[in-house]
Amino acid sequence: MKKELLAPAGDIEAGYAALYYGADAVYLGLQKFSARATATNFDEKSLGEFTAYAHSIGRKVYVTVNTVVQEKELSELIEALDICVKTGVDALIIQDLGVARIVRENYPELEMHASTQMAVHNKEGALALQKLGFTRVVVARELGRKEIEEIAAIPGLETEAFVHGALCYSYSGLCMFSSMHSGKSANRGKCLYPCRAEFKDEQGNIRHFFSMKDMALEEDVLKMPAFSLKIEGRKKTALYVAAVTDYYRRILDGAKNDVTRAQNIKQIFSRPWCRFHFNGRNKNIVDRDFVGHRGLYIGTLEQVSARSICFRTNHLIEKHDGIQIDVPGVEKPFGFSVLKMRVNGKNVFEAKPKELVEITVPPHEYKLDKGFRVYLASASSVKGAYPYKKPKPGEYCPRLGINVEVMLEDTRVIATSGEAKAEINVQLDKAKDVEGVLTAIEKAFSKTGDTNLSLDKLTVQNDKGLFAPMSLLNELRRNLYQQIEPIFETRKLPEYAISRQVSKVPEWIIKTDDVSVLTDINLQDVAEVVIAISPESKPEQWKNIPKEKIRLSLPAVCRNFSSFEGKIAELLKLGYKKWEVANYWGCTALARENIDLSFDYEIYIFNTQAAAMAQNMGCNRITLSPEDMMENWQILAKNSSVAVVLPIYEDVALFTSAVCIRDETCQNCNHERKEIKLRRGSEDYIAISENCQTVMLNNHAWCIANQAKKVAADFYRVAFMRKKYNPSQAAALWEKLRQFKSIPNTQQANVVRQI
């Protein structure tokens, strides 16, 4: 099967560059609901022009509607979806269950692709989304080749995987760091990338513990099992998109790995490259010393003076090229433009590979020394190396496909299309060349000119073999096409039925990953205890809790379902029918009758349509997200079709990662729980490493107890998760929280700010 090379476009120029250099499809965003909200993105006009051009050369266009959508934004969402239909895009890339429900019910002509924000990391998650109507899943970047192969083997479901570009430390869709810290949510397309900042550890080391290198599969792209090979970069320039697309197009078409073209990419924009976990678990994927664009490594400083540096270059350098130098202890490399350089004591315009070059440096505060690495961060020769052709503005536009029927009679000619009809009364003679008449009719009606029409099918009735002159046919066509106006009716939100019975007195839930912390709590006051389980969980651990009060919770990440499968079957056999899931894989794992299913907040429910979709999936209860805000919580609590849980206290996972923070090698690691305390500015954090997974917590728990009464939820939830609590601590917190009292040294995040 021929693979699809999928390139990004943050604007129309990048889109044209991608198509020119061989992209089979382009993905892009609209002005709203794009996970790259700060990219230029596309309006209706530019999207229509670009899509029409792409289709004219046999390429596809996918639109990213891949953020979570708040209730008040649903009307704007409908406008965006209408634009996608009018412009004829090929598919939507979706994160929000509400968007998926609206598209499935009211926009069936739009194909649905599941965004990487949906955190699909196993076959079970992919199967759950296929059941909802998704025809493609974008798998988590963290997956290795064998894991992708398993998902790619699902019949009738396409897979898409990233092969090049920026990496996040967290699983996409499982990061709330930016949101909880600043109100700028990654799930809303506004991430500020706090993970790339410097943190200080307990030993006083200041490092970029979470700043990822870039993914670059290079020739390993040929081993990728996924159908669609995706390049990241909707915030990158057209030059970058051209260079990366060209590089992978050539590899896919059989060319050898082109070192020069790889070097070009690094000069345009690049952090250090890695293959992430594609070929197996890899620890050399974080750049702890520097952030941002580095460039192409070209040498090491050999001589340094106050005004110049000297090194033997391994690559051509020209005047006005950009140079960067790694300075230990400095967050970003020292960069400057080459204004003067000398080779063998002579001023030169360029320095060739292997030459010892002396470059004048501008005034600087950095202490440069021998051994510092030098990079070519931008090169004039590369900037002009990727020209591309594009259509003239307005040359292409979306067109409505029409079917036309033309009938020739003795005294008239008639053309119809749907309800439109044009007729000219005229005496027709016998044709000398009947086939020539048919050709003339096809030529005439194929001319759609400045209209928004395109001829899909033409039927001609000329039983008597009559002749009609071209001037007559052109007049007939004009008369018909003037009557045909593309009519597009704005669609509405699908309706849903409310099945919940709202309780006048909200009940209380406690969630925990350690039931021993509940020892001092009177569970008579608790409607339900949600227990986070693992493959090692044993039912006797919670034997003192009434069975009717227990709900078992599956984690958001499960890279090895077989490890959970037996445990789930065992617990179901023991009669545990109440379950909570935090990822779509859990829906497949629990696809049985008589299951009381609840969604935790990692399955984001930000609007009533998403709640209705959850209901369609067999979910009886949703959990509101800590990164949402008060106004939206209130709307959902009032209008959700299923019961609503409001968390009021929890050590929220700022991110969940498959990247290990530990210094030791995998061979020397016991994989047991290890807590690493970090500080950034005035904020303290705890990174918990366990079983090859890293979870980041704020040192201060999230607590909105004093605000909770404003939300008419069916349940309020207190969670003793992730951090270690003792029974007396938990009991003291519980007594205050159930009285809606504030807890000192906690934070409220987005309750009082926009996200």
# chains A, B, ... in the order shown; residues from 1 in each chain; ligands from 1
$ closest_atom_pairs --of "region 178-213 of chain A" --to "region 285-301 of chain A" --cutoff "8 Å" --atoms "only C-alpha atoms" --output "JSON lines"
{"residue": "A:Arg196", "atom": "CA", "partner": "A:Val291", "partner_atom": "CA", "distance": 7.0}
{"residue": "A:Arg207", "atom": "CA", "partner": "A:Arg288", "partner_atom": "CA", "distance": 5.3}
{"residue": "A:His208", "atom": "CA", "partner": "A:Arg288", "partner_atom": "CA", "distance": 4.2}
{"residue": "A:Phe209", "atom": "CA", "partner": "A:Arg288", "partner_atom": "CA", "distance": 5.4}
{"residue": "A:Phe210", "atom": "CA", "partner": "A:Val286", "partner_atom": "CA", "distance": 6.5}
{"residue": "A:Ser211", "atom": "CA", "partner": "A:Val286", "partner_atom": "CA", "distance": 5.7}
{"residue": "A:Met212", "atom": "CA", "partner": "A:Val286", "partner_atom": "CA", "distance": 4.4}
{"residue": "A:Lys213", "atom": "CA", "partner": "A:Val286", "partner_atom": "CA", "distance": 5.4}
$ write_last_selection --atoms "N, CA and C atoms" --output "short mmCIF file (atom, residue, chain, number, x, y, z; two decimals), in the first residue's frame"
data_model
loop_
_atom_site.label_atom_id
_atom_site.label_comp_id
_atom_site.auth_asym_id
_atom_site.auth_seq_id
_atom_site.Cartn_x
_atom_site.Cartn_y
_atom_site.Cartn_z
N ARG A 196 9.26 23.31 29.05
CA ARG A 196 10.59 23.58 28.48
C ARG A 196 11.40 24.55 29.34
N ARG A 207 18.27 22.59 35.45
CA ARG A 207 18.25 21.89 34.16
C ARG A 207 16.87 22.01 33.51
N HIS A 208 16.85 21.72 32.22
CA HIS A 208 15.58 21.62 31.49
C HIS A 208 15.17 20.14 31.50
N PHE A 209 14.59 19.71 32.59
CA PHE A 209 14.32 18.29 32.79
C PHE A 209 13.30 17.73 31.80
N PHE A 210 12.46 18.60 31.23
CA PHE A 210 11.35 18.12 30.40
C PHE A 210 11.39 18.66 28.97
N SER A 211 12.51 19.25 28.55
CA SER A 211 12.59 19.86 27.22
C SER A 211 13.03 18.82 26.20
N MET A 212 12.09 18.39 25.38
CA MET A 212 12.33 17.28 24.47
C MET A 212 13.13 17.70 23.24
N LYS A 213 13.90 16.75 22.72
CA LYS A 213 14.51 16.90 21.41
C LYS A 213 13.41 16.78 20.35
#
$ closest_atom_pairs --of "region 29-125 of chain A" --to "region 178-187 of chain A" --cutoff "10 Å" --atoms "only C-alpha atoms" --output "tab-separated table"
residue	atom	partner	partner_atom	distance
A:Phe33	CA	A:Asn187	CA	9.7
A:Ser34	CA	A:Asn187	CA	9.4
A:Ala35	CA	A:Asn187	CA	6.9
A:Arg36	CA	A:Ala186	CA	8.8
A:Ala37	CA	A:Ala186	CA	9.7
A:Asn66	CA	A:Asn187	CA	8.1
A:Thr67	CA	A:Asn187	CA	5.4
A:Val68	CA	A:Asn187	CA	6.0
A:Val69	CA	A:Asn187	CA	9.2
A:Gln95	CA	A:Asn187	CA	8.6
A:Asp96	CA	A:Asn187	CA	9.5
A:Gln117	CA	A:Asn187	CA	7.6
$ select_by_dssp --residues "region 169-337 of chain A" --states "strand (DSSP E)" --output "PyMOL selection string"
chain A and resi 199-201+206-207+214-216+228-231+273-274+296-300+303-304+308-312+317-318+322-325+334-337
$ residues_around --residues "Lys45 (chain A)" --least-positions-apart "2" --cutoff "12 Å" --atoms "only C-alpha atoms" --output "list in words"
Ile12, Leu30, Gln31, Asn41, Phe42, Asp43, Leu47, Gly48, Glu49, Phe50, Thr51, Ala52, Ile83, Cys84, Lys86, Thr87, Pro393, Gly394, Glu395, Tyr396, Cys397 and Pro398 of chain A
$ residues_around --residues "Ala444 (chain A)" --least-positions-apart "2" --cutoff "8 Å" --atoms "only C-alpha atoms" --output "short mmCIF file (atom, residue, chain, number, x, y, z; two decimals) with N, CA and C atoms, in the first residue's frame"
data_model
loop_
_atom_site.label_atom_id
_atom_site.label_comp_id
_atom_site.auth_asym_id
_atom_site.auth_seq_id
_atom_site.Cartn_x
_atom_site.Cartn_y
_atom_site.Cartn_z
N ALA A 440 -19.58 18.81 -28.84
CA ALA A 440 -19.84 20.25 -28.69
C ALA A 440 -20.65 20.53 -27.43
N ILE A 441 -21.65 19.68 -27.15
CA ILE A 441 -22.46 19.86 -25.94
C ILE A 441 -21.59 19.70 -24.69
N GLU A 442 -20.74 18.68 -24.69
CA GLU A 442 -19.84 18.46 -23.55
C GLU A 442 -18.92 19.65 -23.34
N SER A 446 -19.20 22.15 -20.01
CA SER A 446 -18.04 22.05 -19.12
C SER A 446 -17.49 23.42 -18.74
N LYS A 447 -17.88 24.44 -19.49
CA LYS A 447 -17.42 25.81 -19.21
C LYS A 447 -18.25 26.39 -18.06
N MET A 470 -22.79 25.91 -31.67
CA MET A 470 -22.13 26.18 -30.39
C MET A 470 -22.67 27.44 -29.74
N LEU A 473 -25.74 26.52 -27.85
CA LEU A 473 -25.43 25.72 -26.67
C LEU A 473 -24.86 26.59 -25.55
N ASN A 474 -24.00 27.54 -25.92
CA ASN A 474 -23.43 28.44 -24.90
C ASN A 474 -24.51 29.29 -24.25
N ARG A 477 -26.46 27.09 -21.88
CA ARG A 477 -25.70 26.86 -20.65
C ARG A 477 -25.75 28.06 -19.72
#
$ closest_residue --among "A:His320, A:Arg188, A:Arg261, A:Arg717" --to "Gln70 (chain A)" --atoms "only C-alpha atoms"
A:Arg188
$ decode --residues "region 158-174 of chain A" --atoms "all heavy atoms" --output "PDB file, in the first residue's frame"
ATOM      1  N   GLU A 158      -7.853   3.405   9.483  1.00  0.00           N
ATOM      2  CA  GLU A 158      -6.541   3.930   9.090  1.00  0.00           C
ATOM      3  C   GLU A 158      -5.781   4.412  10.319  1.00  0.00           C
ATOM      4  O   GLU A 158      -6.378   4.851  11.307  1.00  0.00           O
ATOM      5  CB  GLU A 158      -6.702   5.095   8.113  1.00  0.00           C
ATOM      6  CG  GLU A 158      -7.223   4.687   6.747  1.00  0.00           C
ATOM      7  CD  GLU A 158      -7.335   5.886   5.808  1.00  0.00           C
ATOM      8  OE1 GLU A 158      -7.205   7.041   6.284  1.00  0.00           O
ATOM      9  OE2 GLU A 158      -7.548   5.676   4.600  1.00  0.00           O
ATOM     10  N   THR A 159      -4.460   4.352  10.234  1.00  0.00           N
ATOM     11  CA  THR A 159      -3.618   4.890  11.293  1.00  0.00           C
ATOM     12  C   THR A 159      -2.739   6.002  10.730  1.00  0.00           C
ATOM     13  O   THR A 159      -2.322   5.964   9.577  1.00  0.00           O
ATOM     14  CB  THR A 159      -2.729   3.798  11.912  1.00  0.00           C
ATOM     15  OG1 THR A 159      -2.064   3.094  10.865  1.00  0.00           O
ATOM     16  CG2 THR A 159      -3.535   2.852  12.758  1.00  0.00           C
ATOM     17  N   GLU A 160      -2.485   6.961  11.588  1.00  0.00           N
ATOM     18  CA  GLU A 160      -1.628   8.097  11.240  1.00  0.00           C
ATOM     19  C   GLU A 160      -0.626   8.263  12.376  1.00  0.00           C
ATOM     20  O   GLU A 160      -0.997   8.183  13.554  1.00  0.00           O
ATOM     21  CB  GLU A 160      -2.493   9.346  11.084  1.00  0.00           C
ATOM     22  CG  GLU A 160      -1.772  10.635  10.778  1.00  0.00           C
ATOM     23  CD  GLU A 160      -2.774  11.785  10.613  1.00  0.00           C
ATOM     24  OE1 GLU A 160      -3.724  11.616   9.813  1.00  0.00           O
ATOM     25  OE2 GLU A 160      -2.629  12.808  11.294  1.00  0.00           O
ATOM     26  N   ALA A 161       0.643   8.487  12.049  1.00  0.00           N
ATOM     27  CA  ALA A 161       1.672   8.602  13.080  1.00  0.00           C
ATOM     28  C   ALA A 161       2.652   9.700  12.719  1.00  0.00           C
ATOM     29  O   ALA A 161       2.978   9.914  11.544  1.00  0.00           O
ATOM     30  CB  ALA A 161       2.409   7.276  13.243  1.00  0.00           C
ATOM     31  N   PHE A 162       3.134  10.412  13.739  1.00  0.00           N
ATOM     32  CA  PHE A 162       4.142  11.447  13.527  1.00  0.00           C
ATOM     33  C   PHE A 162       5.486  10.807  13.195  1.00  0.00           C
ATOM     34  O   PHE A 162       5.888   9.808  13.803  1.00  0.00           O
ATOM     35  CB  PHE A 162       4.280  12.305  14.783  1.00  0.00           C
ATOM     36  CG  PHE A 162       3.150  13.269  14.983  1.00  0.00           C
ATOM     37  CD1 PHE A 162       2.046  12.918  15.732  1.00  0.00           C
ATOM     38  CD2 PHE A 162       3.189  14.535  14.415  1.00  0.00           C
ATOM     39  CE1 PHE A 162       0.997  13.804  15.921  1.00  0.00           C
ATOM     40  CE2 PHE A 162       2.145  15.425  14.599  1.00  0.00           C
ATOM     41  CZ  PHE A 162       1.044  15.060  15.348  1.00  0.00           C
ATOM     42  N   VAL A 163       6.183  11.418  12.243  1.00  0.00           N
ATOM     43  CA  VAL A 163       7.500  10.923  11.852  1.00  0.00           C
ATOM     44  C   VAL A 163       8.584  11.991  11.996  1.00  0.00           C
ATOM     45  O   VAL A 163       9.772  11.676  11.953  1.00  0.00           O
ATOM     46  CB  VAL A 163       7.495  10.382  10.404  1.00  0.00           C
ATOM     47  CG1 VAL A 163       6.530   9.214  10.264  1.00  0.00           C
ATOM     48  CG2 VAL A 163       7.159  11.481   9.391  1.00  0.00           C
ATOM     49  N   HIS A 164       8.189  13.254  12.145  1.00  0.00           N
ATOM     50  CA  HIS A 164       9.179  14.325  12.249  1.00  0.00           C
ATOM     51  C   HIS A 164       8.555  15.543  12.934  1.00  0.00           C
ATOM     52  O   HIS A 164       7.407  15.878  12.690  1.00  0.00           O
ATOM     53  CB  HIS A 164       9.672  14.751  10.861  1.00  0.00           C
ATOM     54  CG  HIS A 164      10.879  15.638  10.909  1.00  0.00           C
ATOM     55  ND1 HIS A 164      12.162  15.178  10.712  1.00  0.00           N
ATOM     56  CD2 HIS A 164      11.012  16.970  11.161  1.00  0.00           C
ATOM     57  CE1 HIS A 164      13.016  16.181  10.842  1.00  0.00           C
ATOM     58  NE2 HIS A 164      12.340  17.271  11.111  1.00  0.00           N
ATOM     59  N   GLY A 165       9.348  16.176  13.800  1.00  0.00           N
ATOM     60  CA  GLY A 165       8.925  17.441  14.389  1.00  0.00           C
ATOM     61  C   GLY A 165       9.029  17.460  15.904  1.00  0.00           C
ATOM     62  O   GLY A 165       9.599  16.572  16.530  1.00  0.00           O
ATOM     63  N   ALA A 166       8.462  18.506  16.486  1.00  0.00           N
ATOM     64  CA  ALA A 166       8.561  18.740  17.923  1.00  0.00           C
ATOM     65  C   ALA A 166       7.843  17.645  18.710  1.00  0.00           C
ATOM     66  O   ALA A 166       6.852  17.069  18.260  1.00  0.00           O
ATOM     67  CB  ALA A 166       7.981  20.097  18.274  1.00  0.00           C
ATOM     68  N   LEU A 167       8.370  17.371  19.907  1.00  0.00           N
ATOM     69  CA  LEU A 167       7.792  16.395  20.812  1.00  0.00           C
ATOM     70  C   LEU A 167       7.354  17.073  22.103  1.00  0.00           C
ATOM     71  O   LEU A 167       7.978  18.040  22.545  1.00  0.00           O
ATOM     72  CB  LEU A 167       8.814  15.311  21.154  1.00  0.00           C
ATOM     73  CG  LEU A 167       9.231  14.376  20.022  1.00  0.00           C
ATOM     74  CD1 LEU A 167      10.466  13.573  20.425  1.00  0.00           C
ATOM     75  CD2 LEU A 167       8.094  13.443  19.640  1.00  0.00           C
ATOM     76  N   CYS A 168       6.299  16.553  22.701  1.00  0.00           N
ATOM     77  CA  CYS A 168       5.886  16.978  24.038  1.00  0.00           C
ATOM     78  C   CYS A 168       6.380  15.958  25.052  1.00  0.00           C
ATOM     79  O   CYS A 168       6.431  14.762  24.760  1.00  0.00           O
ATOM     80  CB  CYS A 168       4.362  17.079  24.129  1.00  0.00           C
ATOM     81  SG  CYS A 168       3.661  18.417  23.170  1.00  0.00           S
ATOM     82  N   TYR A 169       6.723  16.425  26.243  1.00  0.00           N
ATOM     83  CA  TYR A 169       7.130  15.502  27.297  1.00  0.00           C
ATOM     84  C   TYR A 169       5.951  14.642  27.723  1.00  0.00           C
ATOM     85  O   TYR A 169       6.101  13.472  28.032  1.00  0.00           O
ATOM     86  CB  TYR A 169       7.672  16.287  28.493  1.00  0.00           C
ATOM     87  CG  TYR A 169       8.419  15.427  29.490  1.00  0.00           C
ATOM     88  CD1 TYR A 169       9.773  15.168  29.325  1.00  0.00           C
ATOM     89  CD2 TYR A 169       7.779  14.881  30.589  1.00  0.00           C
ATOM     90  CE1 TYR A 169      10.466  14.366  30.224  1.00  0.00           C
ATOM     91  CE2 TYR A 169       8.460  14.091  31.500  1.00  0.00           C
ATOM     92  CZ  TYR A 169       9.806  13.829  31.315  1.00  0.00           C
ATOM     93  OH  TYR A 169      10.479  13.043  32.207  1.00  0.00           O
ATOM     94  N   SER A 170       4.772  15.222  27.707  1.00  0.00           N
ATOM     95  CA  SER A 170       3.569  14.514  28.119  1.00  0.00           C
ATOM     96  C   SER A 170       2.907  13.819  26.943  1.00  0.00           C
ATOM     97  O   SER A 170       3.073  14.207  25.783  1.00  0.00           O
ATOM     98  CB  SER A 170       2.573  15.500  28.728  1.00  0.00           C
ATOM     99  OG  SER A 170       1.335  14.881  29.014  1.00  0.00           O
ATOM    100  N   TYR A 171       2.129  12.777  27.254  1.00  0.00           N
ATOM    101  CA  TYR A 171       1.184  12.280  26.261  1.00  0.00           C
ATOM    102  C   TYR A 171       0.288  13.439  25.854  1.00  0.00           C
ATOM    103  O   TYR A 171      -0.251  14.152  26.713  1.00  0.00           O
ATOM    104  CB  TYR A 171       0.297  11.186  26.856  1.00  0.00           C
ATOM    105  CG  TYR A 171       0.943   9.835  27.042  1.00  0.00           C
ATOM    106  CD1 TYR A 171       1.502   9.479  28.265  1.00  0.00           C
ATOM    107  CD2 TYR A 171       0.968   8.902  26.011  1.00  0.00           C
ATOM    108  CE1 TYR A 171       2.072   8.222  28.453  1.00  0.00           C
ATOM    109  CE2 TYR A 171       1.534   7.647  26.188  1.00  0.00           C
ATOM    110  CZ  TYR A 171       2.091   7.317  27.404  1.00  0.00           C
ATOM    111  OH  TYR A 171       2.661   6.081  27.586  1.00  0.00           O
ATOM    112  N   SER A 172       0.096  13.621  24.560  1.00  0.00           N
ATOM    113  CA  SER A 172      -0.815  14.664  24.088  1.00  0.00           C
ATOM    114  C   SER A 172      -2.215  14.377  24.613  1.00  0.00           C
ATOM    115  O   SER A 172      -2.684  13.240  24.583  1.00  0.00           O
ATOM    116  CB  SER A 172      -0.834  14.701  22.557  1.00  0.00           C
ATOM    117  OG  SER A 172       0.426  15.074  22.057  1.00  0.00           O
ATOM    118  N   GLY A 173      -2.878  15.415  25.106  1.00  0.00           N
ATOM    119  CA  GLY A 173      -4.211  15.253  25.671  1.00  0.00           C
ATOM    120  C   GLY A 173      -4.210  14.937  27.152  1.00  0.00           C
ATOM    121  O   GLY A 173      -5.259  14.997  27.790  1.00  0.00           O
ATOM    122  N   LEU A 174      -3.046  14.596  27.700  1.00  0.00           N
ATOM    123  CA  LEU A 174      -2.959  14.309  29.131  1.00  0.00           C
ATOM    124  C   LEU A 174      -2.071  15.330  29.831  1.00  0.00           C
ATOM    125  O   LEU A 174      -1.429  15.021  30.830  1.00  0.00           O
ATOM    126  CB  LEU A 174      -2.428  12.890  29.364  1.00  0.00           C
ATOM    127  CG  LEU A 174      -3.314  11.752  28.853  1.00  0.00           C
ATOM    128  CD1 LEU A 174      -2.683  10.404  29.166  1.00  0.00           C
ATOM    129  CD2 LEU A 174      -4.714  11.831  29.435  1.00  0.00           C
TER     130      LEU A 174
END
